[in-house]
Amino acid sequence: MSTELAWRKQSAEPVLEEHDIHVWRIALDQPEATIHRLQSTLSSDERERAERFQFDRDRRRFISAHAALRMLLARYLASQPNQIRFEYGAHGKPWLAANGVSDRIEFNLAHSGEYAVCGITRYQPIGIDLEFMRPVLDADQIVERFFSTQECATFRALPTDLKHATFFAGWTRKEAFIKAIGDGLSRPLDQFDVALAPGDPARIMSVGGSEREARNWSLFAFAPETNYVGAVAVASSEWSISYWTWEFSNGA
């Protein structure tokens with residue numbers, strides 16, 4: 001997938017209109033001094049989660065991703081990062097606690113490898129996913145187990161050299177939708193269809209066999225960097241999407 005998107009530099013005061021989607025890419029590998037500063041923005045629960053990682057690299061990336069999320073949301077809300085409070089749904093999806101209905105911010109975060117991505121909208125549920133395209137030796141078996149009947153048929157018909165990228169395109173699109181609806185894996189992945197054929201625009205083709213239900217959603221594919229693939233799903237069908245690059249300041 002091409003990375004030739006217009007990734008904009010961050011804005012001090014990003015303007016998010018009602019039908020806007022802002023997708024942010026975040027480079028996670030930061031100097032130790034920056035990581036130390038970023039920790040102060042996290043909640044005690046987030047710091048405890050960070051310390052549970054077995055490998056220091058994963059701890060540092062978790063801190064970078066979640067601190068960046070707090071900093072981003074603070075800009076949209078004209079608040080401070082350490083004042084952001086989250087609540088969680090039954091399947092673990094976070095949302096902003098005590099967020100005013102009149103300007104409700106919806107968001108979702110994903111990270112893989114050296115990068116994280118964050119999708120932000122107003123009012124409508126959003127889900128985002130990101131994957132580093134590592135080798136997957138059992139991709140065919142995963143598709144047969146988790147993908148829909150139509151998606152499996154499309155995947156089987158592909159030449160071998162297209163299957164690797166198509167697998168990740170399909171996986172991220174399906175995960176983005178699952179994250180948007182907030183059901184986690186309680187919603188079987190084979191109960192909805194996404195466009196999978198190479199060259200087809202990203203879209204949800206049916207939900208529970210209903211094409212009408214699928215038209216209530218928008219799906220976008222993107223690549224934040226070479227060998228990475230991402231997707232973002234949002235309820236409603238009319239959106240303007242833009243792509244942004246988050247940069248940690250010297251003072252984090």
# chains A, B, ... in the order shown; residues from 1 in each chain; ligands from 1
$ residues_around --residues "region 6-19 of chain A" --least-positions-apart "4" --cutoff "8 Å" --atoms "only C-alpha atoms" --output "ChimeraX atom specification"
/A:75-76,121-123,238-240,242-247
$ select_by_dssp --residues "region 177-226 of chain A" --states "alpha helix (DSSP H)" --output "list in words"
Phe177, Ile178, Lys179, Ala180, Ile181, Glu211, Arg212, Glu213 and Ala214 of chain A
$ select_by_dssp --residues "region 21-198 of chain A" --states "strand (DSSP E or B)" --output "count of residues only"
39
$ closest_residue --among "A:Ala78, A:Ala233, A:Ile181, A:Leu130" --to "Pro94 (chain A)" --atoms "only C-alpha atoms"
A:Ile181
$ residues_around --residues "Glu114 (chain A)" --least-positions-apart "3" --cutoff "12 Å" --atoms "only C-alpha atoms" --output "PDB file with N, CA, C and O atoms, in the first residue's frame"
ATOM      1  N   ARG A  25      -0.548   9.902  13.082  1.00  0.00           N
ATOM      2  CA  ARG A  25       0.484   8.873  13.223  1.00  0.00           C
ATOM      3  C   ARG A  25       1.504   9.351  14.256  1.00  0.00           C
ATOM      4  O   ARG A  25       1.862  10.534  14.307  1.00  0.00           O
ATOM      5  N   ILE A  26       1.984   8.418  15.042  1.00  0.00           N
ATOM      6  CA  ILE A  26       2.848   8.730  16.180  1.00  0.00           C
ATOM      7  C   ILE A  26       4.039   7.785  16.151  1.00  0.00           C
ATOM      8  O   ILE A  26       3.871   6.563  16.197  1.00  0.00           O
ATOM      9  N   ALA A  27       5.248   8.323  16.075  1.00  0.00           N
ATOM     10  CA  ALA A  27       6.459   7.514  16.165  1.00  0.00           C
ATOM     11  C   ALA A  27       6.726   7.212  17.636  1.00  0.00           C
ATOM     12  O   ALA A  27       6.854   8.126  18.464  1.00  0.00           O
ATOM     13  N   LEU A  28       6.808   5.936  17.984  1.00  0.00           N
ATOM     14  CA  LEU A  28       6.827   5.530  19.392  1.00  0.00           C
ATOM     15  C   LEU A  28       8.219   5.456  20.010  1.00  0.00           C
ATOM     16  O   LEU A  28       8.352   5.539  21.230  1.00  0.00           O
ATOM     17  N   ASP A  29       9.245   5.254  19.205  1.00  0.00           N
ATOM     18  CA  ASP A  29      10.583   5.062  19.763  1.00  0.00           C
ATOM     19  C   ASP A  29      11.218   6.417  20.056  1.00  0.00           C
ATOM     20  O   ASP A  29      11.784   7.073  19.163  1.00  0.00           O
ATOM     21  N   GLN A  30      11.117   6.830  21.295  1.00  0.00           N
ATOM     22  CA  GLN A  30      11.589   8.137  21.747  1.00  0.00           C
ATOM     23  C   GLN A  30      12.744   7.972  22.730  1.00  0.00           C
ATOM     24  O   GLN A  30      12.889   6.920  23.360  1.00  0.00           O
ATOM     25  N   ARG A  57      11.420  -2.229  25.625  1.00  0.00           N
ATOM     26  CA  ARG A  57      10.979  -1.604  24.370  1.00  0.00           C
ATOM     27  C   ARG A  57       9.460  -1.475  24.337  1.00  0.00           C
ATOM     28  O   ARG A  57       8.919  -0.434  23.945  1.00  0.00           O
ATOM     29  N   ASP A  58       8.746  -2.516  24.766  1.00  0.00           N
ATOM     30  CA  ASP A  58       7.292  -2.481  24.760  1.00  0.00           C
ATOM     31  C   ASP A  58       6.755  -1.499  25.800  1.00  0.00           C
ATOM     32  O   ASP A  58       5.741  -0.825  25.573  1.00  0.00           O
ATOM     33  N   ARG A  60       8.261   1.271  26.783  1.00  0.00           N
ATOM     34  CA  ARG A  60       8.479   2.614  26.264  1.00  0.00           C
ATOM     35  C   ARG A  60       7.461   2.962  25.187  1.00  0.00           C
ATOM     36  O   ARG A  60       6.944   4.085  25.141  1.00  0.00           O
ATOM     37  N   ARG A  61       7.157   2.018  24.319  1.00  0.00           N
ATOM     38  CA  ARG A  61       6.193   2.281  23.249  1.00  0.00           C
ATOM     39  C   ARG A  61       4.793   2.487  23.808  1.00  0.00           C
ATOM     40  O   ARG A  61       4.038   3.328  23.299  1.00  0.00           O
ATOM     41  N   PHE A  62       4.416   1.724  24.818  1.00  0.00           N
ATOM     42  CA  PHE A  62       3.115   1.912  25.463  1.00  0.00           C
ATOM     43  C   PHE A  62       3.019   3.326  26.036  1.00  0.00           C
ATOM     44  O   PHE A  62       2.009   4.023  25.858  1.00  0.00           O
ATOM     45  N   SER A  64       4.695   6.036  25.161  1.00  0.00           N
ATOM     46  CA  SER A  64       4.631   7.017  24.073  1.00  0.00           C
ATOM     47  C   SER A  64       3.236   7.102  23.481  1.00  0.00           C
ATOM     48  O   SER A  64       2.700   8.196  23.257  1.00  0.00           O
ATOM     49  N   ALA A  65       2.634   5.938  23.209  1.00  0.00           N
ATOM     50  CA  ALA A  65       1.326   5.908  22.563  1.00  0.00           C
ATOM     51  C   ALA A  65       0.259   6.548  23.444  1.00  0.00           C
ATOM     52  O   ALA A  65      -0.538   7.382  22.982  1.00  0.00           O
ATOM     53  N   ALA A 110      -4.537   2.714  18.158  1.00  0.00           N
ATOM     54  CA  ALA A 110      -3.956   1.404  17.834  1.00  0.00           C
ATOM     55  C   ALA A 110      -2.453   1.575  17.692  1.00  0.00           C
ATOM     56  O   ALA A 110      -1.977   2.644  17.291  1.00  0.00           O
ATOM     57  N   HIS A 111      -1.705   0.528  18.033  1.00  0.00           N
ATOM     58  CA  HIS A 111      -0.261   0.613  17.816  1.00  0.00           C
ATOM     59  C   HIS A 111       0.292  -0.746  17.422  1.00  0.00           C
ATOM     60  O   HIS A 111      -0.222  -1.807  17.808  1.00  0.00           O
ATOM     61  N   VAL A 117      -1.365   4.874  15.764  1.00  0.00           N
ATOM     62  CA  VAL A 117      -2.275   5.759  15.037  1.00  0.00           C
ATOM     63  C   VAL A 117      -3.469   6.034  15.925  1.00  0.00           C
ATOM     64  O   VAL A 117      -3.891   5.185  16.719  1.00  0.00           O
ATOM     65  N   LEU A 130      -4.013  -0.871  13.170  1.00  0.00           N
ATOM     66  CA  LEU A 130      -2.714  -0.735  12.528  1.00  0.00           C
ATOM     67  C   LEU A 130      -1.957  -2.035  12.668  1.00  0.00           C
ATOM     68  O   LEU A 130      -1.987  -2.660  13.730  1.00  0.00           O
ATOM     69  N   GLU A 131      -1.271  -2.443  11.607  1.00  0.00           N
ATOM     70  CA  GLU A 131      -0.446  -3.646  11.661  1.00  0.00           C
ATOM     71  C   GLU A 131       0.859  -3.419  10.898  1.00  0.00           C
ATOM     72  O   GLU A 131       0.870  -2.854   9.803  1.00  0.00           O
ATOM     73  N   PHE A 132       1.945  -3.859  11.521  1.00  0.00           N
ATOM     74  CA  PHE A 132       3.214  -3.991  10.801  1.00  0.00           C
ATOM     75  C   PHE A 132       3.157  -5.294  10.014  1.00  0.00           C
ATOM     76  O   PHE A 132       2.826  -6.351  10.558  1.00  0.00           O
ATOM     77  N   MET A 133       3.457  -5.224   8.729  1.00  0.00           N
ATOM     78  CA  MET A 133       3.252  -6.380   7.859  1.00  0.00           C
ATOM     79  C   MET A 133       4.408  -7.373   7.963  1.00  0.00           C
ATOM     80  O   MET A 133       5.225  -7.512   7.058  1.00  0.00           O
ATOM     81  N   PRO A 224       0.729   4.513   7.339  1.00  0.00           N
ATOM     82  CA  PRO A 224       1.506   5.568   7.981  1.00  0.00           C
ATOM     83  C   PRO A 224       2.984   5.529   7.643  1.00  0.00           C
ATOM     84  O   PRO A 224       3.687   6.514   7.805  1.00  0.00           O
ATOM     85  N   GLU A 225       3.463   4.376   7.168  1.00  0.00           N
ATOM     86  CA  GLU A 225       4.870   4.213   6.820  1.00  0.00           C
ATOM     87  C   GLU A 225       4.999   2.946   5.997  1.00  0.00           C
ATOM     88  O   GLU A 225       4.091   2.110   5.950  1.00  0.00           O
ATOM     89  N   THR A 226       6.140   2.788   5.313  1.00  0.00           N
ATOM     90  CA  THR A 226       6.379   1.587   4.524  1.00  0.00           C
ATOM     91  C   THR A 226       6.275   0.339   5.400  1.00  0.00           C
ATOM     92  O   THR A 226       6.759   0.314   6.533  1.00  0.00           O
ATOM     93  N   ASN A 227       5.610  -0.682   4.877  1.00  0.00           N
ATOM     94  CA  ASN A 227       5.407  -1.972   5.557  1.00  0.00           C
ATOM     95  C   ASN A 227       4.405  -1.899   6.704  1.00  0.00           C
ATOM     96  O   ASN A 227       4.326  -2.829   7.513  1.00  0.00           O
ATOM     97  N   TYR A 228       3.632  -0.833   6.780  1.00  0.00           N
ATOM     98  CA  TYR A 228       2.538  -0.732   7.731  1.00  0.00           C
ATOM     99  C   TYR A 228       1.236  -0.525   6.959  1.00  0.00           C
ATOM    100  O   TYR A 228       1.218   0.113   5.909  1.00  0.00           O
TER     101      TYR A 228
END
$ residues_around --residues "region 186-193 of chain A" --least-positions-apart "4" --cutoff "10 Å" --atoms "only C-alpha atoms" --output "JSON list (two decimals) with all heavy atoms, in the first residue's frame"
[["chain", "number", "residue", "atom", "x", "y", "z"],
["A", 91, "HIS", "N", -16.52, -4.24, 26.73],
["A", 91, "HIS", "CA", -15.47, -4.97, 26.03],
["A", 91, "HIS", "C", -14.15, -4.18, 25.98],
["A", 91, "HIS", "O", -13.29, -4.48, 25.16],
["A", 91, "HIS", "CB", -15.94, -5.33, 24.61],
["A", 91, "HIS", "CG", -17.16, -6.20, 24.61],
["A", 91, "HIS", "ND1", -17.11, -7.55, 24.89],
["A", 91, "HIS", "CD2", -18.46, -5.91, 24.40],
["A", 91, "HIS", "CE1", -18.33, -8.05, 24.84],
["A", 91, "HIS", "NE2", -19.16, -7.08, 24.54],
["A", 143, "VAL", "N", -7.44, -16.82, 7.64],
["A", 143, "VAL", "CA", -8.54, -16.35, 6.79],
["A", 143, "VAL", "C", -9.69, -17.35, 6.81],
["A", 143, "VAL", "O", -10.86, -16.98, 6.99],
["A", 143, "VAL", "CB", -8.04, -16.10, 5.35],
["A", 143, "VAL", "CG1", -9.22, -15.89, 4.40],
["A", 143, "VAL", "CG2", -7.10, -14.90, 5.31],
["A", 144, "GLU", "N", -9.37, -18.62, 6.65],
["A", 144, "GLU", "CA", -10.42, -19.64, 6.62],
["A", 144, "GLU", "C", -11.17, -19.72, 7.95],
["A", 144, "GLU", "O", -12.38, -20.00, 7.98],
["A", 144, "GLU", "CB", -9.82, -21.01, 6.29],
["A", 144, "GLU", "CG", -9.27, -21.12, 4.88],
["A", 144, "GLU", "CD", -10.34, -21.08, 3.82],
["A", 144, "GLU", "OE1", -11.51, -21.43, 4.12],
["A", 144, "GLU", "OE2", -10.04, -20.66, 2.68],
["A", 145, "ARG", "N", -10.48, -19.43, 9.03],
["A", 145, "ARG", "CA", -11.11, -19.53, 10.35],
["A", 145, "ARG", "C", -11.95, -18.31, 10.70],
["A", 145, "ARG", "O", -13.02, -18.45, 11.31],
["A", 145, "ARG", "CB", -10.03, -19.75, 11.41],
["A", 145, "ARG", "CG", -10.60, -19.86, 12.82],
["A", 145, "ARG", "CD", -9.52, -20.13, 13.84],
["A", 145, "ARG", "NE", -10.06, -20.20, 15.19],
["A", 145, "ARG", "CZ", -9.32, -20.34, 16.29],
["A", 145, "ARG", "NH1", -8.01, -20.46, 16.20],
["A", 145, "ARG", "NH2", -9.91, -20.38, 17.48],
["A", 146, "PHE", "N", -11.47, -17.11, 10.33],
["A", 146, "PHE", "CA", -12.09, -15.90, 10.85],
["A", 146, "PHE", "C", -12.83, -15.06, 9.81],
["A", 146, "PHE", "O", -13.70, -14.26, 10.18],
["A", 146, "PHE", "CB", -11.03, -15.02, 11.53],
["A", 146, "PHE", "CG", -10.47, -15.61, 12.78],
["A", 146, "PHE", "CD1", -9.18, -16.11, 12.81],
["A", 146, "PHE", "CD2", -11.23, -15.68, 13.95],
["A", 146, "PHE", "CE1", -8.65, -16.66, 13.97],
["A", 146, "PHE", "CE2", -10.71, -16.22, 15.11],
["A", 146, "PHE", "CZ", -9.42, -16.71, 15.12],
["A", 147, "PHE", "N", -12.47, -15.17, 8.53],
["A", 147, "PHE", "CA", -13.07, -14.29, 7.54],
["A", 147, "PHE", "C", -14.41, -14.85, 7.07],
["A", 147, "PHE", "O", -14.74, -16.02, 7.28],
["A", 147, "PHE", "CB", -12.13, -14.09, 6.35],
["A", 147, "PHE", "CG", -10.99, -13.14, 6.62],
["A", 147, "PHE", "CD1", -10.50, -12.93, 7.91],
["A", 147, "PHE", "CD2", -10.39, -12.44, 5.59],
["A", 147, "PHE", "CE1", -9.44, -12.08, 8.16],
["A", 147, "PHE", "CE2", -9.33, -11.57, 5.83],
["A", 147, "PHE", "CZ", -8.86, -11.38, 7.12],
["A", 148, "SER", "N", -15.21, -14.01, 6.42],
["A", 148, "SER", "CA", -16.51, -14.42, 5.92],
["A", 148, "SER", "C", -16.36, -15.34, 4.71],
["A", 148, "SER", "O", -15.29, -15.45, 4.10],
["A", 148, "SER", "CB", -17.34, -13.20, 5.52],
["A", 148, "SER", "OG", -16.83, -12.62, 4.34],
["A", 149, "THR", "N", -17.46, -15.97, 4.33],
["A", 149, "THR", "CA", -17.45, -16.86, 3.18],
["A", 149, "THR", "C", -17.00, -16.14, 1.92],
["A", 149, "THR", "O", -16.18, -16.65, 1.15],
["A", 149, "THR", "CB", -18.86, -17.46, 2.97],
["A", 149, "THR", "OG1", -19.23, -18.18, 4.14],
["A", 149, "THR", "CG2", -18.88, -18.39, 1.77],
["A", 150, "GLN", "N", -17.54, -14.93, 1.69],
["A", 150, "GLN", "CA", -17.17, -14.16, 0.50],
["A", 150, "GLN", "C", -15.71, -13.74, 0.55],
["A", 150, "GLN", "O", -15.00, -13.81, -0.46],
["A", 150, "GLN", "CB", -18.06, -12.93, 0.36],
["A", 150, "GLN", "CG", -17.75, -12.06, -0.85],
["A", 150, "GLN", "CD", -17.88, -12.82, -2.15],
["A", 150, "GLN", "OE1", -18.92, -13.46, -2.40],
["A", 150, "GLN", "NE2", -16.86, -12.79, -2.99],
["A", 151, "GLU", "N", -15.25, -13.31, 1.71],
["A", 151, "GLU", "CA", -13.84, -12.89, 1.84],
["A", 151, "GLU", "C", -12.91, -14.08, 1.61],
["A", 151, "GLU", "O", -11.86, -13.94, 0.96],
["A", 151, "GLU", "CB", -13.62, -12.29, 3.22],
["A", 151, "GLU", "CG", -14.30, -10.95, 3.42],
["A", 151, "GLU", "CD", -14.39, -10.56, 4.88],
["A", 151, "GLU", "OE1", -14.19, -11.42, 5.76],
["A", 151, "GLU", "OE2", -14.68, -9.38, 5.14],
["A", 152, "CYS", "N", -13.27, -15.25, 2.13],
["A", 152, "CYS", "CA", -12.45, -16.44, 1.92],
["A", 152, "CYS", "C", -12.35, -16.77, 0.43],
["A", 152, "CYS", "O", -11.27, -17.11, -0.07],
["A", 152, "CYS", "CB", -13.03, -17.63, 2.68],
["A", 152, "CYS", "SG", -12.81, -17.55, 4.47],
["A", 170, "GLY", "N", -7.25, -6.85, 4.79],
["A", 170, "GLY", "CA", -8.51, -7.37, 5.30],
["A", 170, "GLY", "C", -8.58, -7.37, 6.81],
["A", 170, "GLY", "O", -9.61, -6.99, 7.40],
["A", 171, "TRP", "N", -7.50, -7.80, 7.46],
["A", 171, "TRP", "CA", -7.50, -7.89, 8.92],
["A", 171, "TRP", "C", -7.70, -6.52, 9.56],
["A", 171, "TRP", "O", -8.50, -6.37, 10.49],
["A", 171, "TRP", "CB", -6.20, -8.52, 9.40],
["A", 171, "TRP", "CG", -6.22, -8.80, 10.88],
["A", 171, "TRP", "CD1", -5.74, -8.01, 11.89],
["A", 171, "TRP", "CD2", -6.82, -9.94, 11.52],
["A", 171, "TRP", "NE1", -5.98, -8.59, 13.10],
["A", 171, "TRP", "CE2", -6.64, -9.77, 12.92],
["A", 171, "TRP", "CE3", -7.47, -11.08, 11.05],
["A", 171, "TRP", "CZ2", -7.09, -10.71, 13.84],
["A", 171, "TRP", "CZ3", -7.93, -12.00, 11.98],
["A", 171, "TRP", "CH2", -7.74, -11.80, 13.35],
["A", 173, "ARG", "N", -9.06, -3.83, 8.27],
["A", 173, "ARG", "CA", -10.40, -3.31, 7.99],
["A", 173, "ARG", "C", -11.44, -3.94, 8.91],
["A", 173, "ARG", "O", -12.33, -3.26, 9.42],
["A", 173, "ARG", "CB", -10.75, -3.54, 6.52],
["A", 173, "ARG", "CG", -9.87, -2.72, 5.58],
["A", 173, "ARG", "CD", -10.06, -3.10, 4.12],
["A", 173, "ARG", "NE", -9.01, -2.48, 3.30],
["A", 173, "ARG", "CZ", -8.95, -2.54, 1.97],
["A", 173, "ARG", "NH1", -9.91, -3.18, 1.30],
["A", 173, "ARG", "NH2", -7.96, -1.95, 1.32],
["A", 174, "LYS", "N", -11.32, -5.24, 9.14],
["A", 174, "LYS", "CA", -12.26, -5.92, 10.00],
["A", 174, "LYS", "C", -12.07, -5.50, 11.46],
["A", 174, "LYS", "O", -13.05, -5.27, 12.19],
["A", 174, "LYS", "CB", -12.13, -7.43, 9.83],
["A", 174, "LYS", "CG", -12.55, -7.90, 8.43],
["A", 174, "LYS", "CD", -12.35, -9.39, 8.22],
["A", 174, "LYS", "CE", -13.46, -10.21, 8.83],
["A", 174, "LYS", "NZ", -14.77, -9.98, 8.18],
["A", 175, "GLU", "N", -10.84, -5.38, 11.89],
["A", 175, "GLU", "CA", -10.58, -4.96, 13.27],
["A", 175, "GLU", "C", -11.06, -3.53, 13.51],
["A", 175, "GLU", "O", -11.58, -3.21, 14.59],
["A", 175, "GLU", "CB", -9.08, -5.07, 13.58],
["A", 175, "GLU", "CG", -8.62, -6.48, 13.86],
["A", 175, "GLU", "CD", -9.12, -6.99, 15.19],
["A", 175, "GLU", "OE1", -8.99, -6.28, 16.21],
["A", 175, "GLU", "OE2", -9.68, -8.10, 15.22],
["A", 177, "PHE", "N", -13.58, -2.02, 12.16],
["A", 177, "PHE", "CA", -15.03, -2.06, 12.32],
["A", 177, "PHE", "C", -15.43, -2.62, 13.68],
["A", 177, "PHE", "O", -16.29, -2.07, 14.39],
["A", 177, "PHE", "CB", -15.67, -2.87, 11.21],
["A", 177, "PHE", "CG", -17.17, -3.01, 11.34],
["A", 177, "PHE", "CD1", -17.99, -1.91, 11.19],
["A", 177, "PHE", "CD2", -17.75, -4.24, 11.62],
["A", 177, "PHE", "CE1", -19.37, -2.02, 11.33],
["A", 177, "PHE", "CE2", -19.12, -4.37, 11.75],
["A", 177, "PHE", "CZ", -19.93, -3.25, 11.60],
["A", 178, "ILE", "N", -14.80, -3.71, 14.09],
["A", 178, "ILE", "CA", -15.08, -4.31, 15.39],
["A", 178, "ILE", "C", -14.81, -3.30, 16.51],
["A", 178, "ILE", "O", -15.57, -3.19, 17.48],
["A", 178, "ILE", "CB", -14.22, -5.58, 15.59],
["A", 178, "ILE", "CG1", -14.77, -6.73, 14.73],
["A", 178, "ILE", "CG2", -14.17, -5.99, 17.05],
["A", 178, "ILE", "CD1", -16.11, -7.26, 15.19],
["A", 181, "ILE", "N", -17.62, -0.51, 16.68],
["A", 181, "ILE", "CA", -18.88, -0.87, 17.30],
["A", 181, "ILE", "C", -18.71, -1.23, 18.77],
["A", 181, "ILE", "O", -19.67, -1.30, 19.52],
["A", 181, "ILE", "CB", -19.58, -2.02, 16.55],
["A", 181, "ILE", "CG1", -18.72, -3.29, 16.53],
["A", 181, "ILE", "CG2", -19.92, -1.60, 15.13],
["A", 181, "ILE", "CD1", -19.38, -4.46, 15.82],
["A", 182, "GLY", "N", -17.45, -1.44, 19.19],
["A", 182, "GLY", "CA", -17.17, -1.64, 20.62],
["A", 182, "GLY", "C", -17.55, -3.00, 21.15],
["A", 182, "GLY", "O", -17.63, -3.18, 22.37],
["A", 203, "ARG", "N", -14.15, -0.58, 1.91],
["A", 203, "ARG", "CA", -15.54, -0.33, 2.29],
["A", 203, "ARG", "C", -16.11, -1.57, 2.98],
["A", 203, "ARG", "O", -15.61, -2.68, 2.79],
["A", 203, "ARG", "CB", -16.42, 0.04, 1.10],
["A", 203, "ARG", "CG", -16.63, -1.04, 0.07],
["A", 203, "ARG", "CD", -17.38, -0.49, -1.14],
["A", 203, "ARG", "NE", -17.61, -1.50, -2.15],
["A", 203, "ARG", "CZ", -18.73, -2.21, -2.26],
["A", 203, "ARG", "NH1", -19.73, -1.99, -1.42],
["A", 203, "ARG", "NH2", -18.87, -3.12, -3.20],
["A", 204, "ILE", "N", -17.12, -1.34, 3.77],
["A", 204, "ILE", "CA", -17.86, -2.44, 4.38],
["A", 204, "ILE", "C", -18.97, -2.81, 3.41],
["A", 204, "ILE", "O", -19.79, -1.97, 3.02],
["A", 204, "ILE", "CB", -18.42, -2.03, 5.75],
["A", 204, "ILE", "CG1", -17.25, -1.68, 6.69],
["A", 204, "ILE", "CG2", -19.25, -3.16, 6.35],
["A", 204, "ILE", "CD1", -17.68, -1.05, 7.98],
["A", 205, "MET", "N", -19.01, -4.06, 2.99],
["A", 205, "MET", "CA", -19.93, -4.48, 1.94],
["A", 205, "MET", "C", -21.25, -5.00, 2.49],
["A", 205, "MET", "O", -22.30, -4.82, 1.87],
["A", 205, "MET", "CB", -19.26, -5.54, 1.08],
["A", 205, "MET", "CG", -17.97, -5.04, 0.43],
["A", 205, "MET", "SD", -17.09, -6.30, -0.52],
["A", 205, "MET", "CE", -18.23, -6.52, -1.91],
["A", 206, "SER", "N", -21.23, -5.64, 3.64],
["A", 206, "SER", "CA", -22.47, -6.09, 4.28],
["A", 206, "SER", "C", -22.20, -6.32, 5.76],
["A", 206, "SER", "O", -21.08, -6.62, 6.16],
["A", 206, "SER", "CB", -23.00, -7.37, 3.62],
["A", 206, "SER", "OG", -22.15, -8.47, 3.91],
["A", 207, "VAL", "N", -23.26, -6.18, 6.55],
["A", 207, "VAL", "CA", -23.20, -6.45, 7.99],
["A", 207, "VAL", "C", -24.36, -7.38, 8.31],
["A", 207, "VAL", "O", -25.53, -7.03, 8.10],
["A", 207, "VAL", "CB", -23.32, -5.16, 8.82],
["A", 207, "VAL", "CG1", -23.30, -5.49, 10.32],
["A", 207, "VAL", "CG2", -22.19, -4.20, 8.47],
["A", 208, "GLY", "N", -24.03, -8.58, 8.78],
["A", 208, "GLY", "CA", -25.07, -9.56, 9.03],
["A", 208, "GLY", "C", -25.89, -9.88, 7.80],
["A", 208, "GLY", "O", -27.09, -10.15, 7.90],
["A", 209, "GLY", "N", -25.26, -9.81, 6.64],
["A", 209, "GLY", "CA", -25.93, -10.08, 5.39],
["A", 209, "GLY", "C", -26.67, -8.89, 4.80],
["A", 209, "GLY", "O", -27.25, -8.98, 3.71],
["A", 210, "SER", "N", -26.66, -7.74, 5.48],
["A", 210, "SER", "CA", -27.41, -6.56, 5.04],
["A", 210, "SER", "C", -26.49, -5.52, 4.40],
["A", 210, "SER", "O", -25.60, -4.97, 5.07],
["A", 210, "SER", "CB", -28.14, -5.93, 6.23],
["A", 210, "SER", "OG", -28.67, -4.66, 5.88],
["A", 211, "GLU", "N", -26.70, -5.25, 3.12],
["A", 211, "GLU", "CA", -25.96, -4.17, 2.46],
["A", 211, "GLU", "C", -26.44, -2.81, 2.94],
["A", 211, "GLU", "O", -25.67, -1.85, 2.98],
["A", 211, "GLU", "CB", -26.11, -4.30, 0.95],
["A", 211, "GLU", "CG", -25.46, -5.55, 0.37],
["A", 211, "GLU", "CD", -25.59, -5.62, -1.14],
["A", 211, "GLU", "OE1", -26.05, -4.63, -1.75],
["A", 211, "GLU", "OE2", -25.22, -6.67, -1.72],
["A", 214, "ALA", "N", -24.57, -1.88, 5.98],
["A", 214, "ALA", "CA", -23.19, -1.52, 5.63],
["A", 214, "ALA", "C", -23.08, -0.08, 5.15],
["A", 214, "ALA", "O", -22.06, 0.59, 5.37],
["A", 214, "ALA", "CB", -22.66, -2.47, 4.56]]
$ closest_residue --among "A:Ser43, A:Thr154, A:Gln124, A:Thr172" --to "Phe107 (chain A)" --atoms "only C-alpha atoms"
A:Gln124
$ atom_distance --atom1 "CA of Phe220 (chain A)" --atom2 "CA of Thr160 (chain A)"
24.7 Å
$ residues_around --residues "Val136 (chain A)" --least-positions-apart "4" --cutoff "10 Å" --atoms "only C-alpha atoms" --output "number ranges by chain"
A: 140, 142, 164, 167-168
$ closest_residue --among "A:Ile63, A:Ala180, A:Leu137, A:Ala223" --to "Gly89 (chain A)" --atoms "only C-alpha atoms"
A:Ala180
$ residues_around --residues "Glu46 (chain A)" --least-positions-apart "3" --cutoff "12 Å" --atoms "only C-alpha atoms" --output "PyMOL selection string"
chain A and resi 38-43+49-53+59+62-67+70+82+85-86
